[in-house]
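Engineer: To start, I am sharing the structure in question, which I have written as C-alpha cells.
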Amino acid sequence: MKQQATQMMWFYDRQHEQWSLSDHLSCQPWQGEGAHPWASQLAPEDESGFADFFARLHHSGQPGQFIGHLCDEAGTVHHVLWYGQYVPAQQLCCGWLAPLEMAHNAASRAEPPASLAPPLPLLQAPLLAQLAQALSARTGLDFCHTLVNELAHILGANAVWLTERVGLDRLRVLASHGIDFKEYALADMPCQQLYRGAASATPISEPLTGCTCLPPGQHYYAQPLLDRSGQILGHLALLFPNQTQTADLGSVLTIFSVRMVAELERLQSDALMRLSAVAFETHEGIIITDPDFKILRVNYAFSQITGFDSQGVIGLHLGNDLWSGLGGLGYELNALDRWQGETLRLHADGHVYPQWEIVTPVQDDKGGISHYVIFFEDISERKAAERRIQDLAYYDELTGLPNRRQLHETLAQAFSEASREHLIGALLFIDLDHFKTINDSLGHATGDWLLKEVANRLKRLVRQGDCLARLGGDEFVLLLPGLSISPPQAEMQADLIAERLIGEIAAPYSHGGQVLHIGASVGITLFPGREQEAGDLLKQADTAMYQAKSAGRKTRRFFDASMQLQADRRLLIHNELRSALNNQELTLHYQPQHMVEGGDIIGVEALIRWQPPGRALVSPAEFIPIAEETDLIVDIGNWVLHEACTQYVSWEENGIHVPQLSVNVSAKQFHAHDFVDRIHDVLAATGMDPSCLNLEITESVVLGHAEDTISKMAELKTLGISFAIDDFGAGYSSLSYLKRLPADELKIDRSFIQDIPKDGDNMAIVEAVIAMARHMGFNVTAEGVESRQQLEFLQAQGCHFFQGYLASKPLPVPYLERYISRLSRHDRAAPADKNSVA
C-alpha cells in the first residue's frame, strides 16, 4: 500500500509504536522504514508540527487536525490534512488522511472570460492551517460556531450557517454568521434538493434566484453532511457575492465534513443522553436487570416507591431477593413477550401495596435477551379512588349507609329469596318529622350532624342480615328480610321494631349547647304478597309513611290497598294541576271581610278554586299542599296575584267599591329572588292602587329567612302595601320575630275560633292574642266565624274584623258583586243601623 496523497484511514498504537493503514478495502500494518508511514514524503519543516499533533491528541483526549505537505514521486508538493482522535479504551490514535487539491498550476489561474465573475481567491495553506488550528480543540456547539465564523472570514462569504434535520421537512440552525435563522422549512429553499434522497445528496452551487427568504443576487453553495449509512443529517450553507470555483471549495469542505458529521452525531447523541436521563428519572419506578433478573440499575423513583436503597439493591435478584414475598415475581418470561399487570409488592417498611408493572425484554444484536426493563408505579391512590367511586355508587356519602342503588339490589335479592323460601319480610320507610324546621333555622351543618346521629342510632337496632339505607334528605329505609313464616308474627315483629326506632329517634339530641327534638313517621309493608313485585315495596312503604304523617306524625302505619288509592289520587292531582293553569281551569272566589263593630265590609280575600272540566270542584285543602311540594305554587301564586288585582281594578272602574283586597302569598313565592319585581310588574300592568292591596303571609315565611322577609316587607310597605300574618298561632309563632316584622294585622286561625264558646282554652288563647295585638299596634281579624255567639265574644274582646260563613262563604265574582250591591242598598235604607251584621 502506497502512502500517497489519497484519502485513507490510519491507526497508531503509541505503546507499541505500531501503525496501520486502511483504504476502505483492507487494513494492513505498516512495516516501512521511518518513524511513520509518511516519513519519506513529509516536508522537513512539518516534522515538528506533526509530532506535536500526535502528542496533543494523546494528552488532550480531544479531536485535532494538522495540515502538512507531502511530496510525490514526481516531485509535486500536495497539501494534506490529517484528522485524528485518541481512543482511551483501545489506547490508540486513529483518524483520516485526505489531500487538499488547491490547483496551484498556472492553467487553473488563467483569467476567466469577461462574461464570468472573478473567481474566489485561492485557499492558501496558511489559511487552511489557521482553520484546522481554530477547530482542533473545539467540540459541540463551540465547534459549530467557530466553523461558520472562520469559514466566513477565510472564504470571504457573506453568510455561513450549519443546520441539522428535524423531522421530514424542517431544519434547525445550529450556528450562523451573517444571517439570522433559527429554524426553517425545506419548501422553497435551494437546499431542498439535497434531501430528496441519498443519490442526490451532492453539493449545490448555483446563483440564488426565486428564494424570498435569502438576499437576492448572490451565489449559493450547500455541502450535504452524510452519516456512514448515507443518510443526510444536515448541511453547511454559504452565500458568496460572486460565483466561486466549486471544485476547490468542495475539496476543502469534504475534508472538514468528516469532522462536521462527527460533531453533529455527538450533539444528537448528547441530546439523546440528556433525554434518556430525564426519562429515566421519571415519576415511575424503573429497574434494569440482566437476563436472569439480577438488578443492574434503578432510578430515583424506585426508592421513593419501594422504600429500598437504590445502591443497596444492585446485584440482588429481583424475584428471589427483592420481591421474594407474596409469591415472588408473579410472572415468567421465556419468550420475547411484553408483560403487564397488577401485582402486590412488599414495601421496605413491611406494608403491602398494589403495583402496576410493565416488563419489556431487550434484544441483543443476535436476537437473544440482553436485559429486562421493568417500569412500575404504586397504584394505591388509584385503588383507593376506585373504592371511593364504588362507595359513592353504592353508599351514602354523609352517613356511610347503603344508598338507593344498593338498596334496590339488596331488596330484589331479599324479595326473591323470601318468595323461594316462603318467608315473610318487611320494609320500613322512615321519614323524620320537623327535620326541615331545624335544617332551615339552624343551618345545613346542624342538619347534617343530626342525620348522622340518627343513622348511628338506627344502626344499633339493625340485626345481622338487615339492610339500613338512606334514600336522601331525611328519608331512611330499613329492610327486614326473613322475619317469620307466619304473616301475623312477621307483622308483630315489624311493628315492635318500628316502635323501638321511633322511640330511639325521638330521644333528645344535644348539639352546640342546645337540645334538639325530632320525631319519625314510619310506613311498613310486608312482602311477598299477592300480585306484589319487588319494585312495589318502596312505593307501598312510602304511601304508608304519608298516612302515618297524616295521622299526627311520630307513629307508624301498615300499607293497605286504600292507601294506594289515596296515593294515586295525589299523583293524579299533581299531574293535572300542571295543565290546569294553561287550560284556564283555575278561578278565584272572594270572601267578604267585615267590621266586628257595625258589620261594614272592609275588604275581600281572594281564594283559589279548581274546576276540572266535567268534574266537581277540587278543594284547595287537597291541591294546595301538593302544589307547595313543588315550584308550581310559585306559578299559581303569581297568577292569583295578577288575576285578583285585575278584578279589583275592574270593580273600581264599574263603580263597585271594595275598600281592600287581600291576597295570600306562599313562602316559596315570597322568597323567590324576583318577588318584589313581580309585585311592581303587577301593579304597573293592572293599575292596582298599592294602598288597597293587603298581602297575607304565614309564619313559615319567616323561618330561616328573617332578614330577607323583613327587608322585602319594608320595601313593599314604602309603596303603601299592607301585610297580614295569616293563620296566627297555628304554626311556629315567634314573638321575637313578630315584633320586628313590619306587619299591620294578625289573622287568628279558624282552629281557635270554631269551638268558641264551648272550649275555654281556645277562648283564653284568642283573648290573649287580641290583647297582645292591641299592645303591639296590630289590627286583628278572626277567621272562620260561623255563629253569633262567636261574633259577640270577639266583639267583647275588642277584635277589629272577621270573616266566615256567618257573613258569607267565598263567592264567585258575579255573586260577590250582587252581595256588595245588596249591602249598599241596605246601608242606604238604614244608614243609622251600624250594629247589624250582613
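Residues in the C-alpha cells are named by chain (A, B, ... in the order shown) and by number from 1 within that chain; ligands are numbered from 1 in the order shown.
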If you run DSSP over the backbone, which residues in range 154-315 of chain A end up alpha helix (DSSP H)? Put them as a ChimeraX atom specification.
Structural biologist: /A:154-155,246-280,300-306
Engineer: Name the residues in contact with Ile518 in chain A at a cut-off of 9 Å, using only C-alpha atoms, excluding same-chain residues fewer than 5 positions from it; report them as a list in words.
Structural biologist: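 Close residues of Ile518 in chain A: Leu432, Asp433, His434, Phe435, Ile438, Ile505, Ala506, Ala507, Pro508, Tyr509 and Lys554 of chain A.
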Engineer: Point out the residue among A:Ala768, A:Ile179, A:Leu479, A:Val362 with the least atom-to-atom distance to Leu537 in chain A, counting only C-alpha atoms.
Structural biologist: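 For Leu537 in chain A, the nearest of the given residues is A:Leu479.
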Engineer: Find the residues around Ile636 in chain A up to 10 Å (only C-alpha atoms counted), leave out those fewer than 6 positions away in its own chain, and share them as a PyMOL selection string.
Structural biologist: chain A and resi 577-578+580-581+586+608+624+627-628+665-666+669
Engineer: How would the residues just picked look written out with N, CA, C and O atoms as an mmCIF file, in the first residue's frame?
Structural biologist:
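Dumped to part38.cif:
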```cif
data_model
loop_
_atom_site.group_PDB
_atom_site.id
_atom_site.type_symbol
_atom_site.label_atom_id
_atom_site.label_comp_id
_atom_site.auth_asym_id
_atom_site.auth_seq_id
_atom_site.Cartn_x
_atom_site.Cartn_y
_atom_site.Cartn_z
ATOM 1 N N LEU A 577 -102.668 19.240 37.746
ATOM 2 C CA LEU A 577 -102.531 20.617 38.198
ATOM 3 C C LEU A 577 -101.572 21.395 37.306
ATOM 4 O O LEU A 577 -101.696 22.609 37.142
ATOM 5 N N ARG A 578 -100.623 20.681 36.712
ATOM 6 C CA ARG A 578 -99.651 21.357 35.850
ATOM 7 C C ARG A 578 -100.305 21.962 34.607
ATOM 8 O O ARG A 578 -99.866 22.991 34.098
ATOM 9 N N ALA A 580 -103.606 22.735 34.541
ATOM 10 C CA ALA A 580 -104.799 23.493 34.927
ATOM 11 C C ALA A 580 -104.634 24.983 34.650
ATOM 12 O O ALA A 580 -105.585 25.664 34.238
ATOM 13 N N LEU A 581 -103.424 25.518 34.887
ATOM 14 C CA LEU A 581 -103.199 26.948 34.638
ATOM 15 C C LEU A 581 -103.371 27.283 33.164
ATOM 16 O O LEU A 581 -104.082 28.238 32.812
ATOM 17 N N LEU A 586 -108.403 27.161 36.672
ATOM 18 C CA LEU A 586 -108.361 27.803 37.985
ATOM 19 C C LEU A 586 -109.191 29.072 37.962
ATOM 20 O O LEU A 586 -109.246 29.789 36.961
ATOM 21 N N ILE A 608 -108.425 30.703 45.878
ATOM 22 C CA ILE A 608 -108.367 29.973 44.621
ATOM 23 C C ILE A 608 -109.265 28.743 44.655
ATOM 24 O O ILE A 608 -109.442 28.100 45.698
ATOM 25 N N ILE A 624 -103.601 22.454 47.141
ATOM 26 C CA ILE A 624 -102.578 23.438 47.536
ATOM 27 C C ILE A 624 -101.378 22.760 48.200
ATOM 28 O O ILE A 624 -100.219 23.070 47.867
ATOM 29 N N ALA A 627 -99.295 21.360 45.479
ATOM 30 C CA ALA A 627 -98.597 22.416 44.740
ATOM 31 C C ALA A 627 -97.412 22.960 45.530
ATOM 32 O O ALA A 627 -96.375 23.311 44.961
ATOM 33 N N GLU A 628 -97.554 23.022 46.863
ATOM 34 C CA GLU A 628 -96.467 23.557 47.694
ATOM 35 C C GLU A 628 -95.272 22.615 47.754
ATOM 36 O O GLU A 628 -94.170 23.041 48.101
ATOM 37 N N VAL A 665 -99.894 34.819 49.901
ATOM 38 C CA VAL A 665 -98.585 34.622 49.279
ATOM 39 C C VAL A 665 -97.899 33.464 49.995
ATOM 40 O O VAL A 665 -97.727 33.495 51.222
ATOM 41 N N SER A 666 -97.505 32.441 49.239
ATOM 42 C CA SER A 666 -96.830 31.291 49.844
ATOM 43 C C SER A 666 -95.379 31.639 50.194
ATOM 44 O O SER A 666 -94.805 32.611 49.689
ATOM 45 N N GLN A 669 -93.153 31.485 47.090
ATOM 46 C CA GLN A 669 -93.370 32.638 46.226
ATOM 47 C C GLN A 669 -92.724 33.890 46.810
ATOM 48 O O GLN A 669 -92.070 34.658 46.101
#
```
Engineer: Would you mind listing, for every residue of range 511-613 of chain A within 10 Å of range 406-422 of chain A, the two atoms forming the shortest contact and the distance between them in Å to one decimal, using only C-alpha atoms, sorted by chain and ascending residue number, as JSON lines?
Structural biologist:
```
{"residue": "A:Phe527", "atom": "CA", "partner": "A:Phe415", "partner_atom": "CA", "distance": 7.1}
{"residue": "A:Pro528", "atom": "CA", "partner": "A:Ser419", "partner_atom": "CA", "distance": 6.2}
{"residue": "A:Gly529", "atom": "CA", "partner": "A:Ser419", "partner_atom": "CA", "distance": 9.0}
{"residue": "A:Gln532", "atom": "CA", "partner": "A:Phe415", "partner_atom": "CA", "distance": 9.9}
{"residue": "A:Glu533", "atom": "CA", "partner": "A:Phe415", "partner_atom": "CA", "distance": 8.0}
{"residue": "A:Ala534", "atom": "CA", "partner": "A:Ala412", "partner_atom": "CA", "distance": 5.7}
{"residue": "A:Gly535", "atom": "CA", "partner": "A:Ala412", "partner_atom": "CA", "distance": 7.9}
{"residue": "A:Leu537", "atom": "CA", "partner": "A:Leu411", "partner_atom": "CA", "distance": 8.7}
{"residue": "A:Leu538", "atom": "CA", "partner": "A:His408", "partner_atom": "CA", "distance": 9.1}
```
Engineer: Create the file for the chosen residues now, containing N, CA and C atoms and written as a PDB file, in the first residue's frame.
Structural biologist:
```
ATOM      1  N   PHE A 527     -93.765  -8.351  52.735  1.00  0.00           N
ATOM      2  CA  PHE A 527     -93.555  -8.989  51.436  1.00  0.00           C
ATOM      3  C   PHE A 527     -93.128 -10.445  51.662  1.00  0.00           C
ATOM      4  N   PRO A 528     -93.310 -11.323  50.674  1.00  0.00           N
ATOM      5  CA  PRO A 528     -94.002 -11.085  49.406  1.00  0.00           C
ATOM      6  C   PRO A 528     -95.510 -11.214  49.584  1.00  0.00           C
ATOM      7  N   GLY A 529     -96.254 -10.502  48.769  1.00  0.00           N
ATOM      8  CA  GLY A 529     -97.709 -10.571  48.832  1.00  0.00           C
ATOM      9  C   GLY A 529     -98.286 -10.914  47.485  1.00  0.00           C
ATOM     10  N   GLN A 532     -97.710  -8.826  44.108  1.00  0.00           N
ATOM     11  CA  GLN A 532     -96.724  -7.840  44.553  1.00  0.00           C
ATOM     12  C   GLN A 532     -95.374  -8.158  43.919  1.00  0.00           C
ATOM     13  N   GLU A 533     -94.660  -7.124  43.525  1.00  0.00           N
ATOM     14  CA  GLU A 533     -93.326  -7.276  42.972  1.00  0.00           C
ATOM     15  C   GLU A 533     -92.340  -6.479  43.816  1.00  0.00           C
ATOM     16  N   ALA A 534     -91.054  -6.779  43.648  1.00  0.00           N
ATOM     17  CA  ALA A 534     -90.034  -6.097  44.442  1.00  0.00           C
ATOM     18  C   ALA A 534     -90.069  -4.590  44.218  1.00  0.00           C
ATOM     19  N   GLY A 535     -90.374  -4.178  42.981  1.00  0.00           N
ATOM     20  CA  GLY A 535     -90.425  -2.749  42.687  1.00  0.00           C
ATOM     21  C   GLY A 535     -91.564  -2.020  43.355  1.00  0.00           C
ATOM     22  N   LEU A 537     -92.412  -2.366  46.605  1.00  0.00           N
ATOM     23  CA  LEU A 537     -92.258  -2.268  48.059  1.00  0.00           C
ATOM     24  C   LEU A 537     -91.977  -0.843  48.523  1.00  0.00           C
ATOM     25  N   LEU A 538     -91.041  -0.167  47.877  1.00  0.00           N
ATOM     26  CA  LEU A 538     -90.720   1.202  48.300  1.00  0.00           C
ATOM     27  C   LEU A 538     -91.924   2.120  48.140  1.00  0.00           C
TER      28      LEU A 538
END
```
Engineer: Which residues are near Met713 in chain A? Cut-off 10 Å, only C-alpha atoms, ignore same chain within fewer than 2 positions. Put them as a list in words.
Structural biologist: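 Counting only the stated atoms, we get Phe670, Val676, Leu695, Glu707, Asp708, Thr709, Ile710, Ser711, Glu715, Leu716, Lys717, Thr718, Ile721, Ser722, Phe723, Leu741, Pro742 and Ala743 of chain A.
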Engineer: Those residues you just picked out, can you put them in a file as a tab-separated table (two decimals), in the first residue's frame with all heavy atoms?
Structural biologist:
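Once everything was written out, this is part.tsv:
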```tsv
chain	number	residue	atom	x	y	z
A	670	PHE	N	-92.86	34.08	48.12
A	670	PHE	CA	-92.33	35.27	48.77
A	670	PHE	C	-90.81	35.32	48.67
A	670	PHE	O	-90.22	36.39	48.47
A	670	PHE	CB	-92.76	35.31	50.25
A	670	PHE	CG	-92.41	36.59	50.95
A	670	PHE	CD1	-93.29	37.66	50.96
A	670	PHE	CD2	-91.18	36.73	51.59
A	670	PHE	CE1	-92.96	38.85	51.61
A	670	PHE	CE2	-90.85	37.90	52.24
A	670	PHE	CZ	-91.74	38.96	52.25
A	676	VAL	N	-90.26	40.91	44.62
A	676	VAL	CA	-90.55	42.36	44.67
A	676	VAL	C	-90.75	42.90	43.27
A	676	VAL	O	-91.66	43.71	43.02
A	676	VAL	CB	-89.42	43.10	45.41
A	676	VAL	CG1	-89.64	44.61	45.34
A	676	VAL	CG2	-89.34	42.65	46.86
A	695	LEU	N	-101.22	41.89	51.50
A	695	LEU	CA	-100.62	40.58	51.25
A	695	LEU	C	-100.60	39.78	52.54
A	695	LEU	O	-100.11	40.25	53.57
A	695	LEU	CB	-99.19	40.74	50.72
A	695	LEU	CG	-99.05	41.51	49.40
A	695	LEU	CD1	-97.58	41.58	48.98
A	695	LEU	CD2	-99.88	40.86	48.30
A	707	GLU	N	-84.27	37.97	57.91
A	707	GLU	CA	-83.77	39.23	57.37
A	707	GLU	C	-84.32	39.48	55.97
A	707	GLU	O	-84.68	40.61	55.64
A	707	GLU	CB	-82.24	39.23	57.36
A	707	GLU	CG	-81.59	39.08	58.73
A	707	GLU	CD	-82.10	40.11	59.73
A	707	GLU	OE1	-82.32	41.28	59.31
A	707	GLU	OE2	-82.30	39.77	60.90
A	708	ASP	N	-84.39	38.44	55.16
A	708	ASP	CA	-84.94	38.59	53.81
A	708	ASP	C	-86.41	38.98	53.88
A	708	ASP	O	-86.88	39.83	53.11
A	708	ASP	CB	-84.78	37.27	53.05
A	708	ASP	CG	-85.34	37.34	51.63
A	708	ASP	OD1	-84.86	38.19	50.85
A	708	ASP	OD2	-86.27	36.58	51.31
A	709	THR	N	-87.15	38.36	54.81
A	709	THR	CA	-88.58	38.67	54.96
A	709	THR	C	-88.78	40.12	55.36
A	709	THR	O	-89.60	40.86	54.77
A	709	THR	CB	-89.20	37.75	56.02
A	709	THR	OG1	-89.00	36.38	55.63
A	709	THR	CG2	-90.68	38.02	56.17
A	710	ILE	N	-88.06	40.56	56.37
A	710	ILE	CA	-88.21	41.94	56.87
A	710	ILE	C	-87.82	42.94	55.79
A	710	ILE	O	-88.51	43.95	55.59
A	710	ILE	CB	-87.35	42.14	58.13
A	710	ILE	CG1	-87.90	41.27	59.27
A	710	ILE	CG2	-87.30	43.59	58.55
A	710	ILE	CD1	-86.99	41.18	60.48
A	711	SER	N	-86.74	42.67	55.05
A	711	SER	CA	-86.29	43.58	54.01
A	711	SER	C	-87.33	43.74	52.90
A	711	SER	O	-87.64	44.86	52.48
A	711	SER	CB	-84.97	43.06	53.43
A	711	SER	OG	-84.58	43.83	52.31
A	715	GLU	N	-89.61	47.12	52.00
A	715	GLU	CA	-89.55	47.74	50.69
A	715	GLU	C	-90.93	47.90	50.08
A	715	GLU	O	-91.25	48.94	49.48
A	715	GLU	CB	-88.66	46.89	49.78
A	715	GLU	CG	-88.47	47.48	48.39
A	715	GLU	CD	-87.52	46.67	47.52
A	715	GLU	OE1	-86.88	45.74	48.05
A	715	GLU	OE2	-87.40	46.98	46.31
A	716	LEU	N	-91.78	46.87	50.24
A	716	LEU	CA	-93.13	46.94	49.65
A	716	LEU	C	-94.04	47.88	50.44
A	716	LEU	O	-94.96	48.48	49.87
A	716	LEU	CB	-93.73	45.54	49.58
A	716	LEU	CG	-93.03	44.59	48.59
A	716	LEU	CD1	-93.63	43.20	48.68
A	716	LEU	CD2	-93.13	45.12	47.17
A	717	LYS	N	-93.79	48.02	51.74
A	717	LYS	CA	-94.62	48.93	52.52
A	717	LYS	C	-94.40	50.38	52.13
A	717	LYS	O	-95.29	51.22	52.29
A	717	LYS	CB	-94.33	48.75	54.02
A	717	LYS	CG	-95.06	47.56	54.63
A	717	LYS	CD	-94.87	47.48	56.13
A	717	LYS	CE	-95.62	48.60	56.85
A	717	LYS	NZ	-97.10	48.45	56.73
A	718	THR	N	-93.21	50.68	51.57
A	718	THR	CA	-92.99	52.06	51.10
A	718	THR	C	-93.90	52.40	49.93
A	718	THR	O	-94.14	53.57	49.65
A	718	THR	CB	-91.53	52.24	50.67
A	718	THR	OG1	-91.23	51.34	49.60
A	718	THR	CG2	-90.58	51.98	51.84
A	721	ILE	N	-98.38	49.15	50.35
A	721	ILE	CA	-98.94	47.81	50.53
A	721	ILE	C	-98.92	47.46	52.02
A	721	ILE	O	-97.97	47.76	52.73
A	721	ILE	CB	-98.13	46.78	49.73
A	721	ILE	CG1	-98.27	47.06	48.22
A	721	ILE	CG2	-98.59	45.36	50.03
A	721	ILE	CD1	-97.39	46.20	47.35
A	722	SER	N	-99.99	46.82	52.50
A	722	SER	CA	-100.06	46.38	53.90
A	722	SER	C	-99.87	44.86	53.96
A	722	SER	O	-100.01	44.16	52.96
A	722	SER	CB	-101.39	46.76	54.53
A	722	SER	OG	-102.47	46.20	53.81
A	723	PHE	N	-99.55	44.36	55.19
A	723	PHE	CA	-99.29	42.95	55.39
A	723	PHE	C	-100.09	42.41	56.56
A	723	PHE	O	-100.27	43.09	57.58
A	723	PHE	CB	-97.80	42.70	55.66
A	723	PHE	CG	-96.94	42.77	54.43
A	723	PHE	CD1	-96.38	43.97	54.03
A	723	PHE	CD2	-96.71	41.63	53.67
A	723	PHE	CE1	-95.59	44.04	52.91
A	723	PHE	CE2	-95.91	41.70	52.54
A	723	PHE	CZ	-95.35	42.91	52.15
A	741	LEU	N	-91.33	42.33	62.59
A	741	LEU	CA	-91.98	42.34	61.28
A	741	LEU	C	-92.81	43.61	61.09
A	741	LEU	O	-93.60	43.98	61.96
A	741	LEU	CB	-92.87	41.12	61.12
A	741	LEU	CG	-92.19	39.76	61.03
A	741	LEU	CD1	-93.23	38.66	60.94
A	741	LEU	CD2	-91.27	39.70	59.83
A	742	PRO	N	-92.66	44.26	59.94
A	742	PRO	CA	-93.47	45.46	59.67
A	742	PRO	C	-94.87	45.09	59.18
A	742	PRO	O	-95.30	45.53	58.10
A	742	PRO	CB	-92.64	46.17	58.60
A	742	PRO	CG	-91.93	45.09	57.87
A	742	PRO	CD	-91.65	44.02	58.89
A	743	ALA	N	-95.57	44.26	59.98
A	743	ALA	CA	-96.92	43.82	59.59
A	743	ALA	C	-97.95	44.79	60.17
A	743	ALA	O	-97.69	45.56	61.10
A	743	ALA	CB	-97.18	42.41	60.08
```
Engineer: Please indicate the distance in Å from CA of Glu183 in chain A to CA of His145 in chain A, rounded to one decimal place.
Structural biologist: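 These atoms are spaced 16.0 Å apart.
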Engineer: Can you list, as a PyMOL selection string, every protein, DNA or RNA residue that comes within 12 Å of range 591-597 of chain A when you count only C-alpha atoms, leaving out same-chain residues fewer than 5 positions away?
Structural biologist: chain A and resi 602-608+658-663+747+779-785+788+790-813+815-817+819-820+823+833-838
Engineer: Keeping only C-alpha atoms, write the selected residues to a file as an mmCIF file, in the first residue's frame.
Structural biologist:
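Output (out_29.cif):
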```
data_model
loop_
_atom_site.group_PDB
_atom_site.id
_atom_site.type_symbol
_atom_site.label_atom_id
_atom_site.label_comp_id
_atom_site.auth_asym_id
_atom_site.auth_seq_id
_atom_site.Cartn_x
_atom_site.Cartn_y
_atom_site.Cartn_z
ATOM 1 C CA ILE A 602 -113.782 46.369 54.843
ATOM 2 C CA GLY A 603 -112.408 44.100 52.152
ATOM 3 C CA VAL A 604 -112.376 40.729 50.422
ATOM 4 C CA GLU A 605 -109.894 37.844 50.449
ATOM 5 C CA ALA A 606 -109.097 36.157 47.111
ATOM 6 C CA LEU A 607 -109.289 32.357 47.434
ATOM 7 C CA ILE A 608 -108.367 29.973 44.621
ATOM 8 C CA VAL A 658 -114.258 47.314 47.839
ATOM 9 C CA PRO A 659 -112.012 49.011 50.460
ATOM 10 C CA GLN A 660 -109.222 46.409 50.379
ATOM 11 C CA LEU A 661 -108.101 43.298 48.513
ATOM 12 C CA SER A 662 -106.266 40.534 50.432
ATOM 13 C CA VAL A 663 -104.116 38.011 48.529
ATOM 14 C CA LYS A 747 -105.377 36.817 61.488
ATOM 15 C CA ASN A 779 -105.302 45.026 63.851
ATOM 16 C CA VAL A 780 -106.902 41.611 64.407
ATOM 17 C CA THR A 781 -109.060 39.581 62.020
ATOM 18 C CA ALA A 782 -110.777 36.388 63.183
ATOM 19 C CA GLU A 783 -111.176 33.666 60.551
ATOM 20 C CA GLY A 784 -113.913 31.015 60.390
ATOM 21 C CA VAL A 785 -116.621 32.877 62.351
ATOM 22 C CA ARG A 788 -123.409 34.894 66.534
ATOM 23 C CA GLN A 790 -118.505 33.675 68.395
ATOM 24 C CA LEU A 791 -119.005 37.180 66.990
ATOM 25 C CA GLU A 792 -120.274 38.503 70.319
ATOM 26 C CA PHE A 793 -117.228 37.015 72.084
ATOM 27 C CA LEU A 794 -114.890 38.687 69.598
ATOM 28 C CA GLN A 795 -116.748 41.971 69.983
ATOM 29 C CA ALA A 796 -116.328 41.763 73.744
ATOM 30 C CA GLN A 797 -112.582 41.202 73.384
ATOM 31 C CA GLY A 798 -112.089 44.164 71.045
ATOM 32 C CA CYS A 799 -111.412 42.221 67.834
ATOM 33 C CA HIS A 800 -111.488 44.514 64.801
ATOM 34 C CA PHE A 801 -112.534 42.371 61.807
ATOM 35 C CA PHE A 802 -113.926 38.964 60.998
ATOM 36 C CA GLN A 803 -114.729 36.691 58.070
ATOM 37 C CA GLY A 804 -116.570 33.409 57.866
ATOM 38 C CA TYR A 805 -119.807 31.688 56.977
ATOM 39 C CA LEU A 806 -121.728 33.885 59.444
ATOM 40 C CA ALA A 807 -121.302 36.693 56.917
ATOM 41 C CA SER A 808 -120.702 34.772 53.685
ATOM 42 C CA LYS A 809 -118.859 31.856 52.197
ATOM 43 C CA PRO A 810 -116.319 32.591 49.413
ATOM 44 C CA LEU A 811 -118.259 33.734 46.354
ATOM 45 C CA PRO A 812 -117.655 33.740 42.590
ATOM 46 C CA VAL A 813 -117.333 37.219 41.075
ATOM 47 C CA TYR A 815 -122.344 36.547 43.357
ATOM 48 C CA LEU A 816 -119.918 38.802 45.216
ATOM 49 C CA GLU A 817 -120.988 41.784 43.104
ATOM 50 C CA TYR A 819 -123.615 40.683 47.642
ATOM 51 C CA ILE A 820 -121.935 44.114 47.697
ATOM 52 C CA LEU A 823 -125.138 45.664 51.248
ATOM 53 C CA ASP A 833 -128.085 50.806 61.820
ATOM 54 C CA LYS A 834 -124.318 50.054 62.111
ATOM 55 C CA ASN A 835 -124.648 47.174 64.570
ATOM 56 C CA SER A 836 -126.334 44.724 62.246
ATOM 57 C CA VAL A 837 -124.314 42.089 60.528
ATOM 58 C CA ALA A 838 -124.957 41.212 56.900
#
```
Engineer: Could you give me the residues within range 532-632 of chain A that DSSP places in strand (DSSP E), as a list in words?
Structural biologist: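 Matching residues, listed in order: Arg556, Arg557, Phe558, Leu586, Thr587, Leu588, His589, Tyr590, Gln591, Pro592, Gln593, His594, Met595, Ile601, Ile602, Gly603, Val604, Glu605, Ala606, Leu607, Ile608, Arg609 and Trp610 of chain A.
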Engineer: How many Å lie between CA of Gly325 in chain A and CA of Arg345 in chain A, rounded to one decimal?
Structural biologist: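 Result for CA of Gly325 in chain A versus CA of Arg345 in chain A: 7.7 Å, one decimal.
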